[in-house]
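A.B. asks: There's a structure below that I have some questions on.
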Amino acid sequence: MHSPDVVVTGFPRRAAQLRLPAAIDELPVARGVATVLATAADFTLDEISDITLATDEVCSRLISAALPEAEIALDFEVAADFRLEASVRTRPGYSPDVDSFGWHVLVTLTDRVTVVEPETDRDPTVIEFRKIRDVDR
């Protein structure tokens with residue numbers, strides 16, 4: 001595993017932004033986009049699997065806490081690493097359960113996870129993860 005601060009050059013940057021209704025039945029779309037971007041960027045099969053599962057975990061958490069009629073915004077960026085920033089307006093007082101099994105899995109599958117909790121009722125909850133490419137393959 002590499003330090004999250006490792007910078008690897010020579011990989012083309014790909015980015016995609018997606019807005020979906022915050023509904024569980026939209027998870028396959030989010031997973032599909034993550035999988036296609038990671039595959040196109042030539043991540044290993046294990047890395048692609050980790051990215052897909054991490055995307056599912058982040059989106060599931062946010063969707064389950066989303067306000068009615070909310071949209072989840074997904075900002076993907078891929079180069080030497082894979083980054084997903086997911087955000088949605090959540091119910092008041094929501095905070096991700098960082099002691100849960102799902103959170104443990106998310107932290108294990110990725111190299112960095114950050115959460116930005118809303119400062120006001122109008123701000124979204126944001127969860128971002130990064131997966132560093134294995135350059136020693």
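Each chain in the structure tokens gets a letter, A, B and so on, in the order shown; residues start at 1 in every chain, and ligands are counted from 1 in the order they appear.
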Which residues in chain A does DSSP call helix (DSSP H, G or I)? List them as number ranges by chain.

C.D. replies: A: 24-40, 45-65, 101-109

A.B. asks: Can you list, as JSON, numbers by chain, every protein, DNA or RNA residue that comes within 12 Å of segment 29-35 of chain A when you count only C-alpha atoms, leaving out same-chain residues fewer than 6 positions away?

C.D. replies: {"A": [14, 15, 16, 17, 18, 19, 20, 21, 22, 23, 41, 42, 43, 44, 45, 46, 47, 48, 49, 50, 51, 52, 53, 54, 55, 56, 57, 58, 59, 60, 63, 72, 73, 74, 75, 76, 77, 78, 82, 83, 84, 85, 86, 131]}

A.B. asks: Could you write out that same residue set with N, CA and C atoms as a compact mmCIF listing (two decimals), in the first residue's frame?

C.D. replies:
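Saved the output as result-v8.txt:
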```txt
# COMPACT_ATOMS: atom_id res chain seq x y z
N ARG A 14 -9.13 11.50 -16.13
CA ARG A 14 -10.52 11.33 -16.57
C ARG A 14 -11.41 11.83 -15.44
N ALA A 15 -12.49 12.47 -15.81
CA ALA A 15 -13.41 12.98 -14.79
C ALA A 15 -14.84 12.81 -15.28
N ALA A 16 -15.73 12.66 -14.33
CA ALA A 16 -17.16 12.57 -14.64
C ALA A 16 -17.94 13.10 -13.45
N GLN A 17 -19.03 13.77 -13.74
CA GLN A 17 -19.93 14.24 -12.70
C GLN A 17 -21.31 13.67 -13.00
N LEU A 18 -21.99 13.30 -11.94
CA LEU A 18 -23.27 12.63 -12.08
C LEU A 18 -24.19 13.08 -10.96
N ARG A 19 -25.43 13.38 -11.30
CA ARG A 19 -26.45 13.70 -10.30
C ARG A 19 -27.59 12.71 -10.50
N LEU A 20 -27.97 12.07 -9.40
CA LEU A 20 -29.01 11.04 -9.44
C LEU A 20 -30.00 11.27 -8.31
N PRO A 21 -31.22 10.81 -8.47
CA PRO A 21 -32.12 10.82 -7.31
C PRO A 21 -31.47 9.99 -6.19
N ALA A 22 -31.60 10.46 -4.97
CA ALA A 22 -31.01 9.74 -3.83
C ALA A 22 -31.92 8.57 -3.48
N ALA A 23 -31.83 7.52 -4.31
CA ALA A 23 -32.67 6.33 -4.15
C ALA A 23 -31.81 5.09 -4.33
N ALA A 41 -9.14 3.27 -16.94
CA ALA A 41 -7.88 3.82 -16.45
C ALA A 41 -6.86 2.73 -16.15
N ASP A 42 -7.20 1.48 -16.43
CA ASP A 42 -6.29 0.34 -16.31
C ASP A 42 -5.89 0.03 -14.87
N PHE A 43 -6.85 0.19 -13.94
CA PHE A 43 -6.62 -0.31 -12.58
C PHE A 43 -6.67 -1.83 -12.63
N THR A 44 -6.07 -2.49 -11.64
CA THR A 44 -6.11 -3.95 -11.60
C THR A 44 -7.53 -4.42 -11.26
N LEU A 45 -7.80 -5.70 -11.49
CA LEU A 45 -9.12 -6.25 -11.16
C LEU A 45 -9.43 -6.10 -9.67
N ASP A 46 -8.44 -6.33 -8.82
CA ASP A 46 -8.65 -6.16 -7.37
C ASP A 46 -8.97 -4.71 -7.03
N GLU A 47 -8.24 -3.78 -7.65
CA GLU A 47 -8.50 -2.35 -7.40
C GLU A 47 -9.89 -1.96 -7.88
N ILE A 48 -10.29 -2.47 -9.05
CA ILE A 48 -11.62 -2.17 -9.59
C ILE A 48 -12.69 -2.69 -8.64
N SER A 49 -12.50 -3.88 -8.12
CA SER A 49 -13.45 -4.45 -7.17
C SER A 49 -13.53 -3.60 -5.91
N ASP A 50 -12.38 -3.18 -5.39
CA ASP A 50 -12.36 -2.31 -4.20
C ASP A 50 -13.09 -0.99 -4.47
N ILE A 51 -12.83 -0.39 -5.62
CA ILE A 51 -13.45 0.89 -5.99
C ILE A 51 -14.96 0.74 -6.11
N THR A 52 -15.40 -0.34 -6.74
CA THR A 52 -16.83 -0.58 -6.90
C THR A 52 -17.52 -0.76 -5.56
N LEU A 53 -16.92 -1.57 -4.69
CA LEU A 53 -17.51 -1.79 -3.36
C LEU A 53 -17.49 -0.52 -2.52
N ALA A 54 -16.41 0.25 -2.60
CA ALA A 54 -16.32 1.50 -1.84
C ALA A 54 -17.37 2.50 -2.34
N THR A 55 -17.57 2.57 -3.65
CA THR A 55 -18.59 3.44 -4.22
C THR A 55 -19.96 3.05 -3.70
N ASP A 56 -20.24 1.76 -3.68
CA ASP A 56 -21.51 1.25 -3.17
C ASP A 56 -21.71 1.64 -1.70
N GLU A 57 -20.68 1.48 -0.89
CA GLU A 57 -20.79 1.79 0.53
C GLU A 57 -21.03 3.27 0.77
N VAL A 58 -20.28 4.13 0.09
CA VAL A 58 -20.45 5.59 0.26
C VAL A 58 -21.84 6.01 -0.18
N CYS A 59 -22.25 5.57 -1.36
CA CYS A 59 -23.57 5.97 -1.87
C CYS A 59 -24.70 5.41 -1.02
N SER A 60 -24.59 4.18 -0.58
CA SER A 60 -25.63 3.58 0.27
C SER A 60 -25.80 4.37 1.56
N ILE A 63 -27.41 7.82 0.68
CA ILE A 63 -28.79 7.67 0.23
C ILE A 63 -29.71 7.35 1.41
N ILE A 72 -28.26 12.92 -5.15
CA ILE A 72 -26.88 12.67 -4.76
C ILE A 72 -25.99 13.12 -5.91
N ALA A 73 -24.97 13.89 -5.58
CA ALA A 73 -24.01 14.37 -6.57
C ALA A 73 -22.73 13.55 -6.44
N LEU A 74 -22.26 13.02 -7.56
CA LEU A 74 -21.05 12.20 -7.59
C LEU A 74 -20.04 12.87 -8.49
N ASP A 75 -18.86 13.10 -7.96
CA ASP A 75 -17.77 13.73 -8.70
C ASP A 75 -16.61 12.75 -8.73
N PHE A 76 -16.39 12.14 -9.88
CA PHE A 76 -15.32 11.16 -10.06
C PHE A 76 -14.13 11.83 -10.72
N GLU A 77 -12.93 11.47 -10.26
CA GLU A 77 -11.70 11.93 -10.92
C GLU A 77 -10.71 10.78 -10.86
N VAL A 78 -10.15 10.46 -12.02
CA VAL A 78 -9.25 9.33 -12.12
C VAL A 78 -7.99 9.75 -12.86
N PHE A 82 -7.83 7.05 -7.89
CA PHE A 82 -9.27 7.15 -8.14
C PHE A 82 -9.87 7.94 -6.99
N ARG A 83 -10.64 8.96 -7.32
CA ARG A 83 -11.27 9.77 -6.28
C ARG A 83 -12.76 9.88 -6.55
N LEU A 84 -13.55 9.65 -5.52
CA LEU A 84 -14.98 9.89 -5.59
C LEU A 84 -15.37 10.82 -4.46
N GLU A 85 -16.03 11.91 -4.82
CA GLU A 85 -16.64 12.79 -3.83
C GLU A 85 -18.15 12.69 -4.03
N ALA A 86 -18.83 12.21 -3.02
CA ALA A 86 -20.28 12.07 -3.07
C ALA A 86 -20.90 13.00 -2.05
N LYS A 131 -8.49 5.93 -3.83
CA LYS A 131 -7.83 4.63 -3.98
C LYS A 131 -6.58 4.88 -4.81
```

A.B. asks: DSSP on the backbone, then: every residue of chain A marked strand (DSSP E), written as a PyMOL selection string.

C.D. replies: chain A and resi 14-21+71-78+81-88+112-116+125-132

A.B. asks: Taking C-alpha atoms for each residue, export the selection above as a PDB file, in the first residue's frame.

C.D. replies:
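Result written to part-v6.pdb:
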```
ATOM      1  CA  ARG A  14     -10.518  11.331 -16.569  1.00  0.00           C
ATOM      2  CA  ALA A  15     -13.410  12.975 -14.792  1.00  0.00           C
ATOM      3  CA  ALA A  16     -17.161  12.573 -14.639  1.00  0.00           C
ATOM      4  CA  GLN A  17     -19.934  14.236 -12.704  1.00  0.00           C
ATOM      5  CA  LEU A  18     -23.273  12.627 -12.083  1.00  0.00           C
ATOM      6  CA  ARG A  19     -26.450  13.704 -10.298  1.00  0.00           C
ATOM      7  CA  LEU A  20     -29.011  11.045  -9.443  1.00  0.00           C
ATOM      8  CA  PRO A  21     -32.119  10.820  -7.310  1.00  0.00           C
ATOM      9  CA  GLU A  71     -30.266  14.250  -5.322  1.00  0.00           C
ATOM     10  CA  ILE A  72     -26.880  12.670  -4.757  1.00  0.00           C
ATOM     11  CA  ALA A  73     -24.009  14.372  -6.568  1.00  0.00           C
ATOM     12  CA  LEU A  74     -21.053  12.198  -7.588  1.00  0.00           C
ATOM     13  CA  ASP A  75     -17.773  13.731  -8.697  1.00  0.00           C
ATOM     14  CA  PHE A  76     -15.321  11.159 -10.063  1.00  0.00           C
ATOM     15  CA  GLU A  77     -11.702  11.926 -10.922  1.00  0.00           C
ATOM     16  CA  VAL A  78      -9.247   9.325 -12.121  1.00  0.00           C
ATOM     17  CA  ASP A  81      -5.492   7.474  -8.184  1.00  0.00           C
ATOM     18  CA  PHE A  82      -9.267   7.154  -8.143  1.00  0.00           C
ATOM     19  CA  ARG A  83     -11.275   9.773  -6.279  1.00  0.00           C
ATOM     20  CA  LEU A  84     -14.985   9.892  -5.593  1.00  0.00           C
ATOM     21  CA  GLU A  85     -16.641  12.793  -3.828  1.00  0.00           C
ATOM     22  CA  ALA A  86     -20.283  12.067  -3.072  1.00  0.00           C
ATOM     23  CA  SER A  87     -22.623  14.595  -1.512  1.00  0.00           C
ATOM     24  CA  VAL A  88     -26.290  14.848  -0.591  1.00  0.00           C
ATOM     25  CA  ARG A 112      -8.162   7.756   2.358  1.00  0.00           C
ATOM     26  CA  VAL A 113     -11.707   8.563   3.471  1.00  0.00           C
ATOM     27  CA  THR A 114     -12.865  12.010   4.520  1.00  0.00           C
ATOM     28  CA  VAL A 115     -16.215  13.295   5.713  1.00  0.00           C
ATOM     29  CA  VAL A 116     -17.428  16.871   5.656  1.00  0.00           C
ATOM     30  CA  THR A 125     -22.942  15.869   3.818  1.00  0.00           C
ATOM     31  CA  VAL A 126     -19.870  14.935   1.780  1.00  0.00           C
ATOM     32  CA  ILE A 127     -17.921  11.679   1.812  1.00  0.00           C
ATOM     33  CA  GLU A 128     -14.810  11.374  -0.305  1.00  0.00           C
ATOM     34  CA  PHE A 129     -12.543   8.398  -0.847  1.00  0.00           C
ATOM     35  CA  ARG A 130      -9.308   7.859  -2.719  1.00  0.00           C
ATOM     36  CA  LYS A 131      -7.832   4.630  -3.982  1.00  0.00           C
ATOM     37  CA  ILE A 132      -4.142   4.832  -4.902  1.00  0.00           C
TER      38      ILE A 132
END
```

A.B. asks: Nearest to Asp25 of chain A among A:Trp103, A:Pro118, A:Thr108, A:Ser64, with distances taken over only C-alpha atoms: which residue is it?

C.D. replies: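 The answer is A:Ser64, which sits nearest to Asp25 of chain A.
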
A.B. asks: Rounded to one decimal place, report the atom CA of Ser95 of chain A-atom CA of Thr120 of chain A distance in Å.

C.D. replies: 13.5 Å
